[in-house]
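To start, the structure under review is shown below, and the notes come after it.
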Amino acid sequence: MENPTTTRSSILRNSLILGLFAMATVGMIAITQQGTAERISEAQRRVQLSALNEIIPHDQHDNDLLADSFTIDDRQYLSLTSAQDAYRARNDGAVSAVILPVVAPDGYSGRIELLVGINADGSIAGVRSVNHRETPGLGDRIDTTKSQWVLDFNGKSLSMPVPEQWAVKKDGGQFDQFAGATITPRAVVKAVYQALNYFDEHRASLLQLGEE
């Protein structure tokens, strides 16, 4: 017959071993998650910086775009659902352009997240899509890896083309639609135009005019 004291000691020892094993496992998971989160964050930073420098190339600014960020939260023009970072490009301290986060809420497959760069004179420096679920081979042509369509925004402004021309050609505007896909480019054109309106209304604060 087994000694009750021995049985209790065995149970206690096994429980202690299991407890230590569980603690070690949790610790390893926490360390792994922390390391993974740091790698994901760094990867996201590189992707974001790449997109920013595509919109406003290195030779067109002398500051760190990621470091020169500010927060905006606008639903009326930019369709943001929460505060997001925007960025300023500078030359010799003066703001030469801003890059705004913009959402086209009415894409074919839902929200299309964009970055829209606008020069100090109100013209578009560049547009890039940063997140979307548009149909491969159709709506995903908003990506520069798929087509050059978004480059047609470069240099455009509120007055060029005139407001009624800020639409896809199917709607009587100036911008091309995609074969078999009109909803996606229509949503992006509208969102970019709204970004220009936001810039026009907030130009002084965005360019820090009159500030020390």
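Naming works like this for the structure tokens: A, B, ... for the chains as they're shown, residue 1 at the start of each chain, ligands 1 onward in shown order.
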
Alpha helix (DSSP H) residues, from DSSP on the backbone, in chain A, as number ranges by chain: A: 4-55, 183-201, 203-206

Taking a cut-off of 12 Å and counting only C-alpha atoms, can you build a table that, for each residue of range 23-116 of chain A near range 151-173 of chain A, reports the nearest atom pair and how far apart they are in Å (one decimal), sorted by chain then residue number, as JSON lines?
{"residue": "A:Glu54", "atom": "CA", "partner": "A:Leu151", "partner_atom": "CA", "distance": 10.9}
{"residue": "A:Ile55", "atom": "CA", "partner": "A:Asn154", "partner_atom": "CA", "distance": 9.4}
{"residue": "A:Ile56", "atom": "CA", "partner": "A:Asn154", "partner_atom": "CA", "distance": 11.0}
{"residue": "A:Val116", "atom": "CA", "partner": "A:Phe153", "partner_atom": "CA", "distance": 9.6}

DSSP on the backbone, then: every residue of range 70-151 of chain A marked strand (DSSP E), written as a VMD selection string. chain A and resid 70 to 72 84 to 91 94 to 107 110 to 119 124 to 131

Now that the selection is made, can you save its residues with C-alpha atoms as a PDB file, in the first residue's frame?
ATOM      1  CA  PHE A  70       1.043  65.270 -36.862  1.00  0.00           C
ATOM      2  CA  THR A  71      -2.393  63.906 -36.040  1.00  0.00           C
ATOM      3  CA  ILE A  72      -5.597  64.647 -37.910  1.00  0.00           C
ATOM      4  CA  GLN A  84      -4.342  59.143 -37.935  1.00  0.00           C
ATOM      5  CA  ASP A  85      -0.880  60.442 -38.698  1.00  0.00           C
ATOM      6  CA  ALA A  86      -0.247  62.932 -41.480  1.00  0.00           C
ATOM      7  CA  TYR A  87       3.194  64.141 -42.540  1.00  0.00           C
ATOM      8  CA  ARG A  88       4.974  67.329 -43.558  1.00  0.00           C
ATOM      9  CA  ALA A  89       7.780  67.578 -46.096  1.00  0.00           C
ATOM     10  CA  ARG A  90      10.151  70.495 -45.607  1.00  0.00           C
ATOM     11  CA  ASN A  91      12.958  72.297 -47.358  1.00  0.00           C
ATOM     12  CA  ALA A  94       9.571  75.577 -44.674  1.00  0.00           C
ATOM     13  CA  VAL A  95       6.712  73.174 -45.357  1.00  0.00           C
ATOM     14  CA  SER A  96       6.768  72.281 -49.043  1.00  0.00           C
ATOM     15  CA  ALA A  97       4.067  69.594 -49.002  1.00  0.00           C
ATOM     16  CA  VAL A  98       1.858  67.497 -46.751  1.00  0.00           C
ATOM     17  CA  ILE A  99       0.841  63.866 -46.996  1.00  0.00           C
ATOM     18  CA  LEU A 100      -2.664  63.142 -45.743  1.00  0.00           C
ATOM     19  CA  PRO A 101      -4.332  59.839 -44.850  1.00  0.00           C
ATOM     20  CA  VAL A 102      -7.561  59.574 -46.836  1.00  0.00           C
ATOM     21  CA  VAL A 103     -10.273  56.921 -46.982  1.00  0.00           C
ATOM     22  CA  ALA A 104     -12.495  56.171 -49.954  1.00  0.00           C
ATOM     23  CA  PRO A 105     -15.359  54.527 -48.035  1.00  0.00           C
ATOM     24  CA  ASP A 106     -17.266  53.392 -51.112  1.00  0.00           C
ATOM     25  CA  GLY A 107     -14.867  51.101 -52.934  1.00  0.00           C
ATOM     26  CA  GLY A 110     -15.185  48.326 -48.980  1.00  0.00           C
ATOM     27  CA  ARG A 111     -12.807  50.956 -47.642  1.00  0.00           C
ATOM     28  CA  ILE A 112      -9.806  52.010 -49.695  1.00  0.00           C
ATOM     29  CA  GLU A 113      -7.081  53.622 -47.605  1.00  0.00           C
ATOM     30  CA  LEU A 114      -4.915  56.153 -49.416  1.00  0.00           C
ATOM     31  CA  LEU A 115      -2.076  58.558 -48.837  1.00  0.00           C
ATOM     32  CA  VAL A 116      -2.461  61.814 -50.765  1.00  0.00           C
ATOM     33  CA  GLY A 117       0.495  64.183 -51.055  1.00  0.00           C
ATOM     34  CA  ILE A 118      -0.341  67.821 -51.738  1.00  0.00           C
ATOM     35  CA  ASN A 119       2.227  70.492 -52.556  1.00  0.00           C
ATOM     36  CA  ILE A 124      -1.054  66.905 -56.015  1.00  0.00           C
ATOM     37  CA  ALA A 125       2.409  65.503 -55.394  1.00  0.00           C
ATOM     38  CA  GLY A 126       1.262  61.903 -55.534  1.00  0.00           C
ATOM     39  CA  VAL A 127      -1.337  59.347 -54.501  1.00  0.00           C
ATOM     40  CA  ARG A 128      -0.754  55.825 -53.217  1.00  0.00           C
ATOM     41  CA  SER A 129      -3.140  53.131 -51.997  1.00  0.00           C
ATOM     42  CA  VAL A 130      -1.964  51.572 -48.745  1.00  0.00           C
ATOM     43  CA  ASN A 131      -4.784  49.169 -47.923  1.00  0.00           C
TER      44      ASN A 131
END

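Omitting Thr182 in chain A and its sequence neighbours fewer than 3 positions away, and counting only C-alpha atoms, the residues within 12 Å are Asp106, Gly107, Tyr108, Glu134, Thr135, Leu138, Gly139, Asp140, Arg141, Ile142, Ala167, Val168, Lys169, Lys170, Asp171, Phe175, Asp176, Gln177, Phe178, Ala179, Pro185, Arg186, Ala187, Val188 and Val189 of chain A.
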
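Going from CA of Leu196 in chain A over to CA of Leu65 in chain A, you cover 20.0 Å.
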
Separation of CA of Leu52 in chain A and CA of Gly137 in chain A, in Å? 25.0 Å

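Counting from CA of Leu80 in chain A, the distance to CA of Gly93 in chain A is 28.4 Å.
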
Measuring between only C-alpha atoms, which one of A:Ala191, A:Leu207, A:Val150, A:Ala43 shows the shortest distance to Ala120 in chain A?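 Comparing A:Ala191, A:Leu207, A:Val150, A:Ala43 against Ala120 in chain A, the winner is A:Leu207.
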